[in-house]
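Novice: Take this structure first; my questions come after.
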Amino acid sequence: MSDFVTFILAIISAMLIDNVVLSRFYGICPFLGVSKKVKSSLGMGIAVVFVILVATCVCWPLYTYILEPAGIPFMDTVAYILVIASLVQLVGLFIKKYSPSLYKSLGIYLPLITTNCAVLGVVQTNTDTGLRFIDALANGLGTSIGFLVIIVVFSCIRTRLESANTPKAFKGLPIALITAAIMAIALMGLQGLFAGI
Amino acid sequence: MKREKGQTKKNFLKGIIQENPLLVSILGTCPALATTKSLEAAIGMGILFTIVLLCSNVLVSLLRKLIPDEIRTPAYIVIIATFVTMVKMFANAFLPELYSTLGVFISLIVVNCIVLGRAEAYASKNTVFDSFIDGLGMGVGYTMALCIMAFFRELIGTGGFTFGQIFTFIPYTALIIPGAENFKISVFQNPAGAFIVFGLILAVMAFYKNRKAEMKAWEIKQAKLKAAEDAKKKLEAQKANVGGQQ
């Protein structure tokens with residue numbers, strides 16, 4: 001199988017089969033917190049895609065070319081979280097300077113991403129499992145697009161749930177979690193998609 | 001400053017019941033869903049989490065006058081990340097099964113909102129002892145919430161409990177209800193089951209909260225009615241009094 005095919009397969013598998021939110025449980029906090037409106041969930045999703053891609057591009061070389069040769073691979077978590085926190089700040093400043101309109105729509109979500117486990121989770125698994133750079137990139141891309149798709153779909157369902165006649169005890173978060181469970185069951189049906197390849 | 005009697009106990013208990021980080025504040029949901037497949041893994045996660053929370057609370061509280069206000073968040077994150085790395089290495093060395101079961105979720109304690117939240121909201125303003133007790137209460141509360149979730153997931157998903165697979169120092173014991181293998185619902189071991197159990201637990205909590213609020217409203221209404229009746233009686237008595245005088 002050529003590298004390109006593996007790249008595409010890795011993206012799709014990280015996006016749908018091993019979905020970041022519904023089967024790996026990264027980023028549940030923004031998934032539940034920012035999904036009340038479609039517009040804000042779209043903003044959050046795009047910001048996450050952006051930050052995960054940049055973080056993957058920075059952290060993988062950081063681990064492979066600096067931490068490992070220096071003999072301190074156990075410092076990875078500390079290094080990653082610092083890189084992610086400063087990256088988020090930097091990206092925020094950069095967008096503010098060059099595209100104020102984008103900053104206006106993404107700005108409030110950027111600080112939230114520092115504590116989004118999806119970013120640290122992806123970066124950490126990339127180096128923990130010893131992926132090549134191209135595979136790490138595919139993992140990052142697939143994971144973040146998976147997050148974007150799921151959070152947007154979920155927010156669409158949630159806006160309709162608001163007006164649905166749910167039992168009083170289930171109003172709000174409980175029914176949202178049950179909805180997420182049904183979505184997770186739907187995604188479970190995709191397991192074994194690549195069994196034949 | 002003089003301490004009130006029973007304050008320490010109250011401080012400890014608030015993390016378990018009134019301000020339970022998982023079930024009331026809905027914080028730290030990622031590990032709560034991911035590591036509650038079995039009771040043993042949940043206990044392991046809870047213990048590691050409590051250690052990190054205790055250490056970070058104590059250190060943040062010790063350094064609370066040294067850390068400038070502007071850079072406090074990065075400073076807290078570095079403190080937390082350091083303790084997480086230590087706990088991770090400890091687990092890797094002494095409890096390799098726990099390490100491989102929890103996987104990346106040990107590292108993800110760094111971005112757990114509870115630890116940073118307690119550092120920011122409590123430890124940075126209170127004494128070392130208070131912060132220690134607060135961390136202990138929050139940690140125990142979180143562990144208990146994890147155990148409640150894992151209890152239902154393992155019981156319904158596998159029909160019983162197995163111990164000794166993760167904590168290898170205790171002998172392997174499987175407590176399976178006889179005949180339950182035929183009735184287990186394995187979806188509760190899958191990610192979907194985690195969402196269902198968490199949703200149902202929150203619904204039960206909301207149900208009791210609603211009922212409590214309704215009872216209170218009913219009591220207030222009853223008290224108001226009684227007060228109105230009393231006032232009416234008083235007025236009538238006054239009227240009768242006035243009538244008698246004339």
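Residues are named by chain letter and number: chains run A, B, ... in the order of the structure tokens, numbers start at 1 in each chain, and ligands are numbered from 1 in the order shown.
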Set the distance at 7 Å and use only C-alpha atoms: which residues neighbour range 171-185 of chain A once local chain neighbours fewer than 5 positions away are removed? I'd like the list as a ChimeraX atom specification.
Specialist: /A:22-23,158,166 /B:191-193,195-196,199-200,202-203
Novice: Those same residues, written as a short mmCIF file (atom, residue, chain, number, x, y, z; two decimals), in the first residue's frame with all heavy atoms?
Specialist:
data_model
loop_
_atom_site.label_atom_id
_atom_site.label_comp_id
_atom_site.auth_asym_id
_atom_site.auth_seq_id
_atom_site.Cartn_x
_atom_site.Cartn_y
_atom_site.Cartn_z
N LEU A 22 -16.37 10.48 20.73
CA LEU A 22 -17.33 9.45 21.07
C LEU A 22 -16.71 8.09 21.34
O LEU A 22 -17.37 7.21 21.88
CB LEU A 22 -18.38 9.32 19.97
CG LEU A 22 -19.24 10.57 19.83
CD1 LEU A 22 -20.18 10.44 18.67
CD2 LEU A 22 -20.01 10.85 21.10
N SER A 23 -15.44 7.87 20.95
CA SER A 23 -14.89 6.59 21.36
C SER A 23 -13.58 6.72 22.10
O SER A 23 -13.20 5.83 22.82
CB SER A 23 -14.76 5.64 20.18
OG SER A 23 -13.59 5.87 19.49
N ARG A 158 -28.75 19.34 19.47
CA ARG A 158 -29.07 19.97 20.76
C ARG A 158 -30.03 21.14 20.61
O ARG A 158 -30.88 21.36 21.47
CB ARG A 158 -27.79 20.43 21.45
CG ARG A 158 -27.35 19.48 22.49
CD ARG A 158 -26.25 20.05 23.30
NE ARG A 158 -26.71 20.43 24.62
CZ ARG A 158 -25.88 20.77 25.60
NH1 ARG A 158 -24.59 20.78 25.39
NH2 ARG A 158 -26.34 21.10 26.78
N THR A 166 -38.89 16.83 26.78
CA THR A 166 -38.21 15.80 27.56
C THR A 166 -38.71 15.82 28.99
O THR A 166 -39.19 16.85 29.46
CB THR A 166 -36.69 16.05 27.56
OG1 THR A 166 -36.47 17.43 27.82
CG2 THR A 166 -36.06 15.67 26.25
N PRO B 191 -17.94 2.62 24.70
CA PRO B 191 -18.06 4.06 24.96
C PRO B 191 -19.50 4.52 25.12
O PRO B 191 -19.78 5.37 25.96
CB PRO B 191 -17.41 4.69 23.74
CG PRO B 191 -16.45 3.69 23.27
CD PRO B 191 -17.00 2.35 23.60
N ALA B 192 -20.41 3.95 24.33
CA ALA B 192 -21.80 4.40 24.40
C ALA B 192 -22.36 4.20 25.81
O ALA B 192 -23.10 5.05 26.31
CB ALA B 192 -22.63 3.64 23.38
N GLY B 193 -21.99 3.07 26.45
CA GLY B 193 -22.48 2.79 27.79
C GLY B 193 -22.05 3.85 28.79
O GLY B 193 -22.79 4.19 29.71
N PHE B 195 -21.61 7.03 28.25
CA PHE B 195 -22.48 8.20 28.11
C PHE B 195 -23.84 7.93 28.75
O PHE B 195 -24.40 8.79 29.43
CB PHE B 195 -22.67 8.55 26.63
CG PHE B 195 -21.51 9.27 26.03
CD1 PHE B 195 -20.69 8.64 25.11
CD2 PHE B 195 -21.23 10.58 26.35
CE1 PHE B 195 -19.61 9.29 24.55
CE2 PHE B 195 -20.16 11.25 25.80
CZ PHE B 195 -19.35 10.59 24.89
N ILE B 196 -24.38 6.71 28.51
CA ILE B 196 -25.70 6.40 29.06
C ILE B 196 -25.67 6.45 30.58
O ILE B 196 -26.51 7.09 31.22
CB ILE B 196 -26.17 5.00 28.59
CG1 ILE B 196 -26.36 4.99 27.08
CG2 ILE B 196 -27.45 4.60 29.29
CD1 ILE B 196 -26.79 3.66 26.54
N GLY B 199 -25.30 9.99 31.86
CA GLY B 199 -26.54 10.73 31.66
C GLY B 199 -27.60 10.34 32.66
O GLY B 199 -28.28 11.20 33.24
N LEU B 200 -27.72 9.03 32.93
CA LEU B 200 -28.74 8.58 33.88
C LEU B 200 -28.43 9.03 35.30
O LEU B 200 -29.32 9.45 36.03
CB LEU B 200 -28.87 7.05 33.83
CG LEU B 200 -29.52 6.50 32.56
CD1 LEU B 200 -29.63 4.99 32.63
CD2 LEU B 200 -30.91 7.10 32.37
N LEU B 202 -26.79 11.72 36.17
CA LEU B 202 -27.11 13.15 36.26
C LEU B 202 -28.62 13.36 36.31
O LEU B 202 -29.11 14.25 37.02
CB LEU B 202 -26.52 13.90 35.06
CG LEU B 202 -25.01 14.06 35.06
CD1 LEU B 202 -24.59 14.92 33.89
CD2 LEU B 202 -24.54 14.68 36.35
N ALA B 203 -29.38 12.51 35.58
CA ALA B 203 -30.83 12.66 35.58
C ALA B 203 -31.39 12.35 36.96
O ALA B 203 -32.27 13.05 37.46
CB ALA B 203 -31.45 11.74 34.54
#
Novice: Would you list the contacts of range 89-93 of chain A as a VMD selection string, taking every protein, DNA or RNA residue within 12 Å and counting only C-alpha atoms, but skipping same-chain residues closer than 3 positions in sequence?
Specialist: (chain A and resid 47 to 48 50 to 55 82 to 86 96 to 100 102 to 114) or (chain B and resid 74)
Novice: Can those selected residues be exported to a file as a short mmCIF file (atom, residue, chain, number, x, y, z; two decimals), in the first residue's frame so that it contains N, CA and C atoms?
Specialist:
data_model
loop_
_atom_site.label_atom_id
_atom_site.label_comp_id
_atom_site.auth_asym_id
_atom_site.auth_seq_id
_atom_site.Cartn_x
_atom_site.Cartn_y
_atom_site.Cartn_z
N ALA A 47 -11.24 26.26 15.48
CA ALA A 47 -10.09 26.64 16.29
C ALA A 47 -9.31 25.40 16.73
N VAL A 48 -10.04 24.32 17.06
CA VAL A 48 -9.36 23.09 17.50
C VAL A 48 -8.56 22.48 16.35
N PHE A 50 -7.20 23.98 13.87
CA PHE A 50 -6.04 24.84 13.69
C PHE A 50 -4.96 24.54 14.73
N VAL A 51 -5.36 24.54 15.99
CA VAL A 51 -4.37 24.38 17.06
C VAL A 51 -3.78 22.97 17.05
N ILE A 52 -4.60 21.95 16.79
CA ILE A 52 -4.06 20.58 16.79
C ILE A 52 -3.01 20.43 15.68
N LEU A 53 -3.31 20.97 14.51
CA LEU A 53 -2.36 20.85 13.40
C LEU A 53 -1.03 21.52 13.75
N VAL A 54 -1.11 22.76 14.25
CA VAL A 54 0.12 23.47 14.58
C VAL A 54 0.86 22.76 15.71
N ALA A 55 0.10 22.29 16.72
CA ALA A 55 0.74 21.64 17.86
C ALA A 55 1.44 20.35 17.43
N LEU A 82 3.40 23.30 27.85
CA LEU A 82 3.93 24.66 27.70
C LEU A 82 3.85 25.10 26.26
N VAL A 83 4.22 24.18 25.34
CA VAL A 83 4.17 24.51 23.92
C VAL A 83 2.74 24.85 23.51
N ILE A 84 1.79 24.03 23.96
CA ILE A 84 0.40 24.25 23.55
C ILE A 84 -0.11 25.58 24.10
N ALA A 85 0.19 25.85 25.41
CA ALA A 85 -0.30 27.09 26.01
C ALA A 85 0.27 28.30 25.29
N SER A 86 1.59 28.26 24.98
CA SER A 86 2.17 29.43 24.33
C SER A 86 1.73 29.52 22.87
N LYS A 96 -5.23 37.97 15.46
CA LYS A 96 -5.73 39.30 15.82
C LYS A 96 -5.12 40.35 14.90
N LYS A 97 -3.82 40.16 14.57
CA LYS A 97 -3.12 41.14 13.74
C LYS A 97 -3.58 41.07 12.29
N TYR A 98 -3.67 39.82 11.77
CA TYR A 98 -3.87 39.70 10.32
C TYR A 98 -5.31 39.52 9.91
N SER A 99 -6.17 39.02 10.77
CA SER A 99 -7.55 38.85 10.37
C SER A 99 -8.48 39.13 11.55
N PRO A 100 -8.72 40.41 11.81
CA PRO A 100 -9.55 40.77 12.97
C PRO A 100 -10.93 40.14 12.93
N LEU A 102 -11.74 37.16 11.73
CA LEU A 102 -11.60 35.78 12.19
C LEU A 102 -11.39 35.75 13.69
N TYR A 103 -10.59 36.72 14.19
CA TYR A 103 -10.33 36.77 15.63
C TYR A 103 -11.61 37.00 16.40
N LYS A 104 -12.47 37.83 15.82
CA LYS A 104 -13.73 38.14 16.48
C LYS A 104 -14.56 36.88 16.68
N SER A 105 -14.53 35.99 15.67
CA SER A 105 -15.36 34.78 15.79
C SER A 105 -14.66 33.66 16.55
N LEU A 106 -13.31 33.60 16.46
CA LEU A 106 -12.59 32.50 17.13
C LEU A 106 -12.03 32.90 18.48
N GLY A 107 -11.82 34.20 18.66
CA GLY A 107 -11.05 34.71 19.80
C GLY A 107 -11.44 34.13 21.14
N ILE A 108 -12.75 34.07 21.42
CA ILE A 108 -13.14 33.64 22.76
C ILE A 108 -12.91 32.16 22.97
N TYR A 109 -12.77 31.38 21.89
CA TYR A 109 -12.59 29.94 22.08
C TYR A 109 -11.13 29.58 22.27
N LEU A 110 -10.23 30.47 21.82
CA LEU A 110 -8.82 30.11 21.86
C LEU A 110 -8.31 29.80 23.27
N PRO A 111 -8.59 30.63 24.28
CA PRO A 111 -8.07 30.29 25.61
C PRO A 111 -8.63 28.97 26.13
N LEU A 112 -9.83 28.60 25.71
CA LEU A 112 -10.42 27.35 26.18
C LEU A 112 -9.66 26.13 25.67
N ILE A 113 -8.97 26.31 24.53
CA ILE A 113 -8.35 25.15 23.91
C ILE A 113 -7.17 24.64 24.73
N THR A 114 -6.52 25.53 25.50
CA THR A 114 -5.38 25.08 26.30
C THR A 114 -5.79 23.92 27.19
N PRO B 74 0.24 29.96 33.88
CA PRO B 74 1.35 29.11 33.42
C PRO B 74 2.10 28.46 34.57
#
Novice: Identify, on the basis of only C-alpha atoms, every residue whose closest approach to Ile80 in chain B does not exceed 9 Å; exclude the query and any residue fewer than 4 positions from it along the same chain; express the result as a ChimeraX atom specification.
Specialist: /A:78 /B:52-53,55-56,75-76,84-85,109-111,115-116
Novice: Once you have the residues from the selection above, write them out as a PDB file, in the first residue's frame, restricted to N, CA, C and O atoms.
Specialist:
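Written file, result-v9.pdb:
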ATOM      1  N   VAL A  78       5.301  17.973  30.345  1.00  0.00           N
ATOM      2  CA  VAL A  78       5.565  19.360  30.746  1.00  0.00           C
ATOM      3  C   VAL A  78       5.856  20.210  29.511  1.00  0.00           C
ATOM      4  O   VAL A  78       5.314  21.314  29.340  1.00  0.00           O
TER       5      VAL A  78
ATOM      6  N   VAL B  52      -2.153  13.798  42.672  1.00  0.00           N
ATOM      7  CA  VAL B  52      -1.772  15.008  41.929  1.00  0.00           C
ATOM      8  C   VAL B  52      -2.457  16.229  42.521  1.00  0.00           C
ATOM      9  O   VAL B  52      -1.834  17.277  42.743  1.00  0.00           O
ATOM     10  N   LEU B  53      -3.758  16.090  42.822  1.00  0.00           N
ATOM     11  CA  LEU B  53      -4.514  17.226  43.337  1.00  0.00           C
ATOM     12  C   LEU B  53      -3.969  17.679  44.688  1.00  0.00           C
ATOM     13  O   LEU B  53      -3.789  18.886  44.924  1.00  0.00           O
ATOM     14  N   CYS B  55      -0.883  17.216  45.963  1.00  0.00           N
ATOM     15  CA  CYS B  55       0.449  17.818  45.848  1.00  0.00           C
ATOM     16  C   CYS B  55       0.356  19.208  45.247  1.00  0.00           C
ATOM     17  O   CYS B  55       0.995  20.154  45.725  1.00  0.00           O
ATOM     18  N   SER B  56      -0.450  19.350  44.176  1.00  0.00           N
ATOM     19  CA  SER B  56      -0.497  20.646  43.516  1.00  0.00           C
ATOM     20  C   SER B  56      -1.171  21.674  44.422  1.00  0.00           C
ATOM     21  O   SER B  56      -0.728  22.817  44.504  1.00  0.00           O
ATOM     22  N   ALA B  75       2.278  29.215  35.673  1.00  0.00           N
ATOM     23  CA  ALA B  75       3.000  28.653  36.809  1.00  0.00           C
ATOM     24  C   ALA B  75       2.256  27.446  37.365  1.00  0.00           C
ATOM     25  O   ALA B  75       2.850  26.402  37.650  1.00  0.00           O
ATOM     26  N   TYR B  76       0.935  27.567  37.520  1.00  0.00           N
ATOM     27  CA  TYR B  76       0.154  26.436  38.037  1.00  0.00           C
ATOM     28  C   TYR B  76       0.254  25.250  37.097  1.00  0.00           C
ATOM     29  O   TYR B  76       0.383  24.110  37.535  1.00  0.00           O
ATOM     30  N   VAL B  84       2.207  15.442  37.617  1.00  0.00           N
ATOM     31  CA  VAL B  84       1.645  14.396  36.764  1.00  0.00           C
ATOM     32  C   VAL B  84       2.755  13.519  36.209  1.00  0.00           C
ATOM     33  O   VAL B  84       2.640  12.287  36.188  1.00  0.00           O
ATOM     34  N   THR B  85       3.869  14.150  35.805  1.00  0.00           N
ATOM     35  CA  THR B  85       4.996  13.363  35.300  1.00  0.00           C
ATOM     36  C   THR B  85       5.525  12.427  36.371  1.00  0.00           C
ATOM     37  O   THR B  85       5.824  11.253  36.106  1.00  0.00           O
ATOM     38  N   ILE B 109      -4.303  14.200  33.090  1.00  0.00           N
ATOM     39  CA  ILE B 109      -4.674  14.849  34.352  1.00  0.00           C
ATOM     40  C   ILE B 109      -4.215  16.310  34.315  1.00  0.00           C
ATOM     41  O   ILE B 109      -4.816  17.171  34.935  1.00  0.00           O
ATOM     42  N   VAL B 110      -3.155  16.590  33.529  1.00  0.00           N
ATOM     43  CA  VAL B 110      -2.649  17.971  33.423  1.00  0.00           C
ATOM     44  C   VAL B 110      -3.763  18.922  32.997  1.00  0.00           C
ATOM     45  O   VAL B 110      -3.907  20.016  33.539  1.00  0.00           O
ATOM     46  N   VAL B 111      -4.538  18.515  32.002  1.00  0.00           N
ATOM     47  CA  VAL B 111      -5.556  19.418  31.472  1.00  0.00           C
ATOM     48  C   VAL B 111      -6.921  19.155  32.107  1.00  0.00           C
ATOM     49  O   VAL B 111      -7.932  19.615  31.603  1.00  0.00           O
ATOM     50  N   VAL B 115      -8.139  20.147  38.668  1.00  0.00           N
ATOM     51  CA  VAL B 115      -6.882  20.461  39.345  1.00  0.00           C
ATOM     52  C   VAL B 115      -6.567  21.944  39.201  1.00  0.00           C
ATOM     53  O   VAL B 115      -6.289  22.647  40.179  1.00  0.00           O
ATOM     54  N   LEU B 116      -6.638  22.433  37.956  1.00  0.00           N
ATOM     55  CA  LEU B 116      -6.365  23.852  37.716  1.00  0.00           C
ATOM     56  C   LEU B 116      -7.411  24.713  38.417  1.00  0.00           C
ATOM     57  O   LEU B 116      -7.098  25.756  38.983  1.00  0.00           O
TER      58      LEU B 116
END
Novice: Can you tell me which residues surround range 138-153 of chain B at a distance of at most 7 Å, considering only C-alpha atoms, apart from same-chain residues fewer than 5 positions away, and format the answer as a list of chain:residue names?
Specialist: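 In the requested form, the answer reads B:Gly15, B:Ile16, B:Asn20, B:Pro21, B:Leu22, B:Leu23, B:Ala32, B:Thr36, B:Lys37, B:Ser38, B:Leu39, B:Ala42, B:Ile43, B:Gly46, B:Phe49, B:Thr50, B:Leu53, B:Phe188, B:Gln189, B:Val197, B:Phe198.
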Novice: Apply DSSP to the backbone of this structure and, from range 17-246 of chain B, keep only the residues in strand (DSSP E); write these as a ChimeraX atom specification.
Specialist: /B:160-163,173-176
Novice: Which distance in Å separates CA of Ile185 in chain B and CA of Glu154 in chain B, to one decimal?
Specialist: 9.9 Å
Novice: Please return as JSON, numbers by chain: the residues of chain B that backbone DSSP assigns to helix (DSSP H, G or I).
Specialist: {"B": [7, 8, 9, 10, 11, 12, 13, 14, 15, 16, 29, 30, 31, 32, 33, 34, 39, 40, 41, 42, 43, 44, 45, 46, 47, 48, 49, 50, 51, 52, 53, 54, 55, 56, 57, 58, 59, 60, 61, 62, 72, 73, 74, 75, 76, 77, 78, 79, 80, 81, 82, 83, 84, 85, 86, 87, 88, 89, 90, 91, 92, 93, 94, 96, 97, 98, 99, 100, 101, 102, 103, 104, 105, 107, 108, 109, 110, 111, 113, 114, 115, 116, 117, 118, 119, 120, 121, 122, 123, 128, 129, 130, 131, 132, 133, 134, 135, 136, 137, 138, 139, 140, 141, 142, 143, 144, 145, 146, 147, 148, 149, 150, 151, 152, 153, 154, 155, 156, 157, 158, 180, 181, 182, 183, 186, 187, 188, 189, 191, 192, 193, 194, 195, 196, 197, 198, 199, 200, 201, 202, 203, 204, 205, 206, 207, 208, 209, 210, 211, 212, 213, 214, 215, 216, 217, 218, 219, 220, 221, 222, 223, 224, 225, 226, 227, 228, 229, 230, 231, 232, 233, 234, 235, 236, 237, 238, 239, 240, 241, 242, 243, 244, 245]}
Novice: Taking only C-alpha atoms into account, name the residue in B:Val128, B:Ile51, B:Leu136, B:Met45 that is nearest to Ser100 in chain B.
Specialist: B:Met45
Novice: Considering only C-alpha atoms, state which residue in the set B:Ala194, B:Leu235, B:Ala227, B:Ile133 is at the smallest distance from Leu13 in chain B.
Specialist: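 With only C-alpha atoms as the atom set, the closest residue is B:Ile133.
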Novice: Mind giving me the straight-line distance from CA of Leu148 in chain A to CA of Gly45 in chain A in Å, one decimal?
Specialist: 4.3 Å
Novice: What's the 10 Å shell around Lys9 in chain B, counting only C-alpha atoms, without same-chain residues fewer than 5 positions away, as an mmCIF file with all heavy atoms, in the first residue's frame?
Specialist:
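Final output, result_6.cif:
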data_model
loop_
_atom_site.group_PDB
_atom_site.id
_atom_site.type_symbol
_atom_site.label_atom_id
_atom_site.label_comp_id
_atom_site.auth_asym_id
_atom_site.auth_seq_id
_atom_site.Cartn_x
_atom_site.Cartn_y
_atom_site.Cartn_z
ATOM 1 N N LYS B 14 -17.470 19.045 51.814
ATOM 2 C CA LYS B 14 -18.080 19.775 50.699
ATOM 3 C C LYS B 14 -17.612 19.237 49.353
ATOM 4 O O LYS B 14 -18.374 19.229 48.387
ATOM 5 C CB LYS B 14 -17.794 21.275 50.820
ATOM 6 C CG LYS B 14 -16.420 21.673 50.341
ATOM 7 C CD LYS B 14 -16.330 23.164 50.117
ATOM 8 C CE LYS B 14 -15.077 23.519 49.381
ATOM 9 N NZ LYS B 14 -13.833 23.490 50.123
ATOM 10 N N ILE B 133 -6.758 19.845 52.963
ATOM 11 C CA ILE B 133 -8.050 19.215 53.261
ATOM 12 C C ILE B 133 -8.983 19.337 52.055
ATOM 13 O O ILE B 133 -9.676 18.393 51.676
ATOM 14 C CB ILE B 133 -8.682 19.877 54.507
ATOM 15 C CG1 ILE B 133 -7.832 19.605 55.731
ATOM 16 C CG2 ILE B 133 -10.100 19.374 54.728
ATOM 17 C CD1 ILE B 133 -7.760 18.169 56.142
ATOM 18 N N ASP B 134 -8.967 20.506 51.422
ATOM 19 C CA ASP B 134 -9.808 20.722 50.238
ATOM 20 C C ASP B 134 -9.444 19.736 49.130
ATOM 21 O O ASP B 134 -10.317 19.099 48.533
ATOM 22 C CB ASP B 134 -9.613 22.158 49.753
ATOM 23 C CG ASP B 134 -10.378 22.434 48.488
ATOM 24 O OD1 ASP B 134 -11.597 22.599 48.578
ATOM 25 O OD2 ASP B 134 -9.752 22.468 47.406
ATOM 26 N N GLY B 137 -10.649 16.260 50.058
ATOM 27 C CA GLY B 137 -12.098 16.113 49.892
ATOM 28 C C GLY B 137 -12.478 15.999 48.438
ATOM 29 O O GLY B 137 -13.241 15.109 48.035
#
Novice: Mind giving me the straight-line distance from CA of Leu62 in chain B to CA of Asn11 in chain B in Å, one decimal?
Specialist: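 Interatomic distance, CA of Leu62 in chain B to CA of Asn11 in chain B: 18.6 Å.
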Novice: Given only C-alpha atoms as the basis, pick out the residue of B:Val187, B:Ile156, B:Ile106, B:Ala34 nearest to Phe90 in chain B.
Specialist: B:Ile106
Novice: Give the answer as one residue: which of A:Val58, A:Ala118, A:Leu42, A:Val149 has the shortest atom-to-atom distance to chain B, using only C-alpha atoms?
Specialist: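 Ranking A:Val58, A:Ala118, A:Leu42, A:Val149 by distance to chain B, first place goes to A:Ala118.
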